[in-house]
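File shown: upload15.cif. Contents: mmCIF, C-alpha atoms.
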data_work
loop_
_atom_site.label_atom_id
_atom_site.label_comp_id
_atom_site.auth_asym_id
_atom_site.auth_seq_id
_atom_site.Cartn_x
_atom_site.Cartn_y
_atom_site.Cartn_z
CA MET S 1 29.07 -33.84 2.82
CA LEU S 2 26.27 -33.56 5.36
CA ILE S 3 23.29 -31.33 4.56
CA ALA S 4 20.63 -30.71 7.22
CA ILE S 5 17.11 -29.58 6.30
CA ALA S 6 15.77 -28.01 9.46
CA ASN S 7 13.19 -25.73 11.02
CA LEU S 8 11.59 -25.66 14.45
CA LYS S 9 8.14 -25.28 12.89
CA GLY S 10 6.36 -28.15 11.19
CA GLY S 11 4.56 -27.91 7.88
CA VAL S 12 7.17 -25.75 6.14
CA GLY S 13 8.20 -28.31 3.52
CA LYS S 14 11.29 -29.84 5.16
CA THR S 15 10.57 -33.41 4.09
CA THR S 16 9.56 -32.45 0.55
CA LEU S 17 12.75 -30.40 0.17
CA ALA S 18 14.88 -33.20 1.66
CA ILE S 19 13.45 -35.73 -0.81
CA GLN S 20 13.85 -33.40 -3.79
CA ALA S 21 17.42 -32.49 -2.79
CA ALA S 22 18.38 -36.14 -2.30
CA ALA S 23 16.89 -37.09 -5.68
CA HIS S 24 18.66 -34.22 -7.46
CA LEU S 25 22.01 -34.79 -5.74
CA GLU S 26 21.79 -38.61 -5.86
CA ALA S 27 22.23 -38.56 -2.10
CA GLU S 28 21.06 -40.67 0.82
CA ILE S 29 18.42 -39.45 3.27
CA PHE S 30 18.75 -39.81 7.02
CA ASP S 31 15.25 -39.36 8.40
CA LEU S 32 15.76 -38.02 11.92
CA ASP S 33 12.09 -37.20 12.51
CA ARG S 34 10.22 -39.62 14.75
CA GLN S 35 7.25 -39.32 12.41
CA GLY S 36 9.32 -40.86 9.61
CA ASP S 37 7.59 -39.25 6.61
CA ALA S 38 10.67 -39.35 4.36
CA PHE S 39 11.32 -42.98 5.27
CA ASP S 40 7.68 -43.87 4.54
CA TRP S 41 7.79 -42.02 1.20
CA VAL S 42 10.90 -43.93 0.12
CA GLY S 43 9.27 -47.15 1.30
CA ARG S 44 6.36 -46.50 -1.08
CA PHE S 45 8.23 -45.19 -4.10
CA GLY S 46 11.89 -46.20 -3.73
CA GLY S 47 14.62 -44.63 -5.83
CA ILE S 48 16.49 -42.98 -2.93
CA PRO S 49 18.46 -44.73 -0.18
CA CYS S 50 17.02 -43.78 3.20
CA GLN S 51 17.56 -44.69 6.83
CA HIS S 52 15.21 -43.89 9.72
CA ILE S 53 17.51 -42.86 12.58
CA ALA S 54 16.37 -42.92 16.22
CA GLU S 55 17.13 -39.73 18.15
CA ALA S 56 19.45 -41.57 20.52
CA ASP S 57 21.51 -42.78 17.56
CA ALA S 58 21.62 -39.45 15.71
CA TRP S 59 25.09 -38.28 16.75
CA LEU S 60 26.79 -41.59 16.00
CA ALA S 61 24.99 -42.07 12.66
CA LEU S 62 25.62 -38.51 11.46
CA SER S 63 29.26 -38.59 12.58
CA ALA S 64 29.83 -41.76 10.57
CA ALA S 65 27.95 -40.40 7.57
CA ARG S 66 29.95 -37.18 7.58
CA GLU S 67 33.15 -39.18 7.24
CA THR S 68 32.08 -42.02 4.93
CA LYS S 69 29.18 -40.92 2.71
CA GLU S 70 29.55 -38.70 -0.34
CA ILE S 71 26.36 -36.72 0.36
CA VAL S 72 23.78 -37.30 3.10
CA VAL S 73 20.64 -35.19 3.47
CA ALA S 74 19.30 -35.17 7.04
CA ASP S 75 15.58 -34.49 7.39
CA CYS S 76 15.47 -33.00 10.89
CA PRO S 77 12.58 -33.00 13.38
CA PRO S 78 10.85 -29.71 14.33
CA ALA S 79 12.12 -29.80 17.91
CA GLU S 80 15.17 -28.69 19.89
CA GLY S 81 16.28 -32.21 20.72
CA VAL S 82 19.38 -34.32 20.34
CA ALA S 83 18.70 -35.06 16.67
CA LEU S 84 18.51 -31.42 15.56
CA ARG S 85 21.43 -30.28 17.68
CA SER S 86 23.55 -33.20 16.45
CA ALA S 87 22.74 -32.34 12.85
CA LEU S 88 23.69 -28.68 13.32
CA ALA S 89 26.90 -29.57 15.15
CA LEU S 90 28.01 -31.91 12.34
CA ALA S 91 26.50 -30.52 9.12
CA HIS S 92 28.47 -28.71 6.47
CA LEU S 93 25.29 -26.95 5.33
CA VAL S 94 21.90 -26.34 6.93
CA ILE S 95 18.95 -25.29 4.77
CA ILE S 96 15.99 -23.66 6.50
CA PRO S 97 12.71 -23.60 4.53
CA ILE S 98 10.50 -20.78 5.76
CA LEU S 99 6.94 -19.64 5.13
CA ALA S 100 5.64 -16.07 5.27
CA SER S 101 3.93 -15.83 8.66
CA PRO S 102 4.78 -14.31 12.05
CA GLN S 103 5.07 -17.80 13.57
CA ASP S 104 7.50 -18.85 10.86
CA LEU S 105 9.63 -15.75 11.29
CA LYS S 106 9.78 -16.42 15.03
CA ALA S 107 10.87 -20.03 14.39
CA PHE S 108 13.46 -18.81 11.89
CA GLY S 109 14.85 -16.42 14.49
CA ARG S 110 15.25 -19.26 16.95
CA MET S 111 16.90 -21.40 14.26
CA ARG S 112 19.44 -18.62 13.72
CA VAL S 113 20.27 -18.75 17.44
CA LEU S 114 20.70 -22.54 17.32
CA CYS S 115 22.95 -22.25 14.25
CA ASP S 116 25.08 -19.62 15.97
CA GLU S 117 25.39 -21.89 19.01
CA ALA S 118 26.34 -24.82 16.77
CA ARG S 119 29.11 -22.75 15.22
CA GLY S 120 30.83 -22.91 18.60
CA VAL S 121 31.75 -26.51 17.74
CA ASN S 122 31.15 -26.35 13.97
CA PRO S 123 32.55 -22.96 12.90
CA SER S 124 32.38 -23.70 9.18
CA LEU S 125 28.61 -24.38 9.21
CA VAL S 126 26.97 -22.66 6.23
CA VAL S 127 23.38 -21.48 6.77
CA ALA S 128 20.99 -21.10 3.83
CA CYS S 129 17.27 -20.56 3.51
CA VAL S 130 14.42 -21.05 1.04
CA ALA S 131 11.25 -18.95 0.99
CA ASN S 132 8.65 -21.66 0.50
CA ASN S 133 5.00 -22.02 -0.49
CA LEU S 134 4.53 -18.32 -1.24
CA ARG S 135 0.97 -17.51 -2.30
CA THR S 136 1.20 -13.93 -3.60
CA VAL S 137 3.76 -11.78 -5.38
CA GLY S 138 3.71 -9.29 -2.51
CA MET S 139 4.26 -12.03 0.06
CA ALA S 140 7.19 -13.37 -1.96
CA LYS S 141 8.79 -9.94 -2.37
CA ASP S 142 8.51 -9.06 1.32
CA LEU S 143 9.87 -12.37 2.61
CA VAL S 144 12.69 -12.58 0.09
CA GLU S 145 13.80 -9.03 0.90
CA LEU S 146 13.77 -9.83 4.62
CA LEU S 147 15.79 -13.02 4.17
CA GLU S 148 18.28 -11.42 1.78
CA ALA S 149 19.01 -8.82 4.45
CA GLU S 150 20.04 -11.53 6.95
CA LYS S 151 23.77 -11.59 7.63
CA ASP S 152 25.64 -14.89 7.17
CA VAL S 153 22.62 -16.54 5.52
CA VAL S 154 22.60 -17.60 1.86
CA MET S 155 19.25 -17.00 0.17
CA LEU S 156 18.73 -19.90 -2.23
CA GLY S 157 15.52 -18.60 -3.78
CA SER S 158 11.77 -18.86 -3.43
CA VAL S 159 9.16 -21.44 -4.36
CA GLY S 160 5.54 -20.48 -4.87
CA ALA S 161 2.46 -22.38 -3.74
CA ARG S 162 2.47 -24.63 -6.81
CA GLN S 163 0.09 -27.59 -6.94
CA ALA S 164 2.59 -29.47 -9.09
CA ILE S 165 4.87 -29.95 -6.07
CA PRO S 166 2.43 -31.83 -3.78
CA ASP S 167 1.15 -33.68 -6.85
CA ALA S 168 4.68 -34.86 -7.63
CA TYR S 169 5.22 -35.81 -3.97
CA ALA S 170 2.02 -37.87 -4.01
CA ALA S 171 3.01 -39.54 -7.28
CA GLY S 172 6.58 -40.29 -6.22
CA THR S 173 8.17 -38.24 -8.99
CA PRO S 174 10.81 -35.46 -8.85
CA ALA S 175 9.02 -32.12 -8.62
CA PHE S 176 12.06 -30.31 -10.02
CA LEU S 177 11.36 -32.02 -13.34
CA ALA S 178 7.78 -30.73 -13.45
CA ARG S 179 6.81 -28.38 -16.24
CA GLY S 180 6.09 -24.73 -15.53
CA GLU S 181 7.02 -22.47 -12.64
CA ALA S 182 7.10 -25.23 -10.00
CA GLY S 183 9.88 -27.13 -11.71
CA ARG S 184 11.84 -24.00 -12.61
CA GLU S 185 11.68 -22.51 -9.10
CA LEU S 186 12.61 -25.74 -7.35
CA LEU S 187 15.41 -26.49 -9.80
CA HIS S 188 16.81 -22.99 -9.25
CA VAL S 189 16.97 -23.71 -5.50
CA LEU S 190 18.62 -27.10 -6.02
CA LEU S 191 21.21 -25.68 -8.41
CA GLY S 192 21.99 -23.14 -5.70
CA VAL S 193 22.53 -26.02 -3.28
CA GLU S 194 24.93 -27.63 -5.76
CA LYS S 195 26.85 -24.37 -6.04
CA LEU S 196 27.16 -24.15 -2.26
CA ILE S 197 28.37 -27.76 -2.08
CA ARG S 198 31.13 -27.01 -4.58
CA LYS S 199 32.16 -23.92 -2.60
CA ILE S 200 32.18 -25.81 0.69
CA THR S 201 34.14 -28.68 -0.84
CA ARG S 202 36.80 -26.31 -2.18
CA GLY S 203 37.08 -24.76 1.27
CA HIS S 204 37.82 -28.15 2.83
CA GLN S 205 40.50 -29.12 0.31
#

Translate this file's structure into structure tokens.
Amino acid sequence: MLIAIANLKGGVGKTTLAIQAAAHLEAEIFDLDRQGDAFDWVGRFGGIPCQHIAEADAWLALSAARETKEIVVADCPPAEGVALRSALALAHLVIIPILASPQDLKAFGRMRVLCDEARGVNPSLVVACVANNLRTVGMAKDLVELLEAEKDVVMLGSVGARQAIPDAYAAGTPAFLARGEAGRELLHVLLGVEKLIRKITRGHQ
């Protein structure tokens, strides 16, 4: 099972979501981003198997992982390069974290185009999204309604701008175990990912 965490815009929480998903699912991370933030985080705190994959090696590594690993979470770079396109062409599931801004909506629109193109070679690709780092109730409501209206996109939920999440990231602990809204919101998203994995798995049996 190959899960890609992707967005063409940086700073949307891809790496944080990839780490939390891998910890929750007991999965391995393939860090496809040249910057290597997920790989560095694992190097500091451990607990999750992680490989830093060069862009030129992305297709081969992801192809092998798709066939041999139980679950791999690919933390994709925010660029339309070989690594991102390889991940979309091979993934069973792509999760797009998105913030509430015009720039983020534009990047999300382009991601939808890339996912549609990837379905030419990967027709069973499931696309999901997470409304992330929402700072007001109104912002959350508007973005969630917009995303829920998207066809062929599974809305996994929303996560507010909770200080507990960057605090957990900095401390090397699972944010989905945090007390309060941060832990509940993130756990809700991750349980939704589990549900999608079961559905996808049944479809491939």

Open item on the list: Quick one: residues within 6 Å of segment 41-56 of chain S, all atoms listed in the file, excluding same-chain residues fewer than 2 positions away - as a list of chain:residue names?
Closed with: S:Glu28, S:Ile29, S:Phe30, S:Asp31, S:Leu32, S:Ala38, S:Phe39, S:Ala58, S:Ala83, S:Gly172

Task: S:Arg34, S:Arg85, S:Arg112, S:His188 ranked by distance to Asp152 of chain S, top pick (using all atoms listed in the file) - done: S:Arg112

TODO: Identify all residues satisfying the PyMOL selection byres ((chain S and resi 158-168) around 6) in the given file; provide them as an MDAnalysis selection string.
DONE: chainID S and resid 130:135 157 169:173 175 182 185

- [ ] Rounded to one decimal place, report the atom CA of Ala23 of chain S-atom CA of Val153 of chain S distance in Å.
- [x] 24.1 Å

Task: the PyMOL selection byres ((chain S and resi 72) around 12) applied to the shown file, residues as a ChimeraX atom specification - done: /S:1-5,18-19,21-23,25-32,48-51,61-71,73-75,87,90-94,197

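Those residues positioned at most 10 Å from (10.5, -31.2, 15.1) are Ala6, Asn7, Leu8, Lys9, Gly10, Gly11, Leu32, Asp33, Arg34, Gln35, Asp75, Cys76, Pro77, Pro78, Ala79, Glu80, Gly81, Ala83 and Leu84 of chain S, judged using all atoms listed in the file.
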
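When the PyMOL selection byres ((chain S and resi 105) around 12) is run on the displayed coordinates, the residues it returns are Asn7, Leu8, Lys9, Val12, Ile96, Pro97, Ile98, Leu99, Ala100, Ser101, Pro102, Gln103, Asp104, Lys106, Ala107, Phe108, Gly109, Arg110, Met111, Arg112, Cys129, Ala131, Leu143, Leu146 and Leu147 of chain S.
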
Output C-alpha atoms for every residue in the selection just made, as a PDB file, in the coordinates of the input.
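Output contents, as saved in result-v1.pdb:
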ATOM      1  CA  ASN S   7      13.190 -25.730  11.020  1.00  0.00           C
ATOM      2  CA  LEU S   8      11.590 -25.660  14.450  1.00  0.00           C
ATOM      3  CA  LYS S   9       8.140 -25.280  12.890  1.00  0.00           C
ATOM      4  CA  VAL S  12       7.170 -25.750   6.140  1.00  0.00           C
ATOM      5  CA  ILE S  96      15.990 -23.660   6.500  1.00  0.00           C
ATOM      6  CA  PRO S  97      12.710 -23.600   4.530  1.00  0.00           C
ATOM      7  CA  ILE S  98      10.500 -20.780   5.760  1.00  0.00           C
ATOM      8  CA  LEU S  99       6.940 -19.640   5.130  1.00  0.00           C
ATOM      9  CA  ALA S 100       5.640 -16.070   5.270  1.00  0.00           C
ATOM     10  CA  SER S 101       3.930 -15.830   8.660  1.00  0.00           C
ATOM     11  CA  PRO S 102       4.780 -14.310  12.050  1.00  0.00           C
ATOM     12  CA  GLN S 103       5.070 -17.800  13.570  1.00  0.00           C
ATOM     13  CA  ASP S 104       7.500 -18.850  10.860  1.00  0.00           C
ATOM     14  CA  LYS S 106       9.780 -16.420  15.030  1.00  0.00           C
ATOM     15  CA  ALA S 107      10.870 -20.030  14.390  1.00  0.00           C
ATOM     16  CA  PHE S 108      13.460 -18.810  11.890  1.00  0.00           C
ATOM     17  CA  GLY S 109      14.850 -16.420  14.490  1.00  0.00           C
ATOM     18  CA  ARG S 110      15.250 -19.260  16.950  1.00  0.00           C
ATOM     19  CA  MET S 111      16.900 -21.400  14.260  1.00  0.00           C
ATOM     20  CA  ARG S 112      19.440 -18.620  13.720  1.00  0.00           C
ATOM     21  CA  CYS S 129      17.270 -20.560   3.510  1.00  0.00           C
ATOM     22  CA  ALA S 131      11.250 -18.950   0.990  1.00  0.00           C
ATOM     23  CA  LEU S 143       9.870 -12.370   2.610  1.00  0.00           C
ATOM     24  CA  LEU S 146      13.770  -9.830   4.620  1.00  0.00           C
ATOM     25  CA  LEU S 147      15.790 -13.020   4.170  1.00  0.00           C
TER      26      LEU S 147
END

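With atom CA of Ser124 of chain S on one side and atom CA of Leu17 of chain S on the other, the separation reads 22.6 Å.
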
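Going from atom CA of Ser86 of chain S over to atom CA of Trp59 of chain S, you cover 5.3 Å.
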
Give me the box for segment 189-195 of chain S as AutoDock Vina command-line options, namely the centre and edge lengths in Å to one decimal of a box along x, y and z that holds every listed atom plus 6 Å on each side.
--center_x 21.9 --center_y -25.4 --center_z -5.8 --size_x 21.9 --size_y 16.5 --size_z 17.1
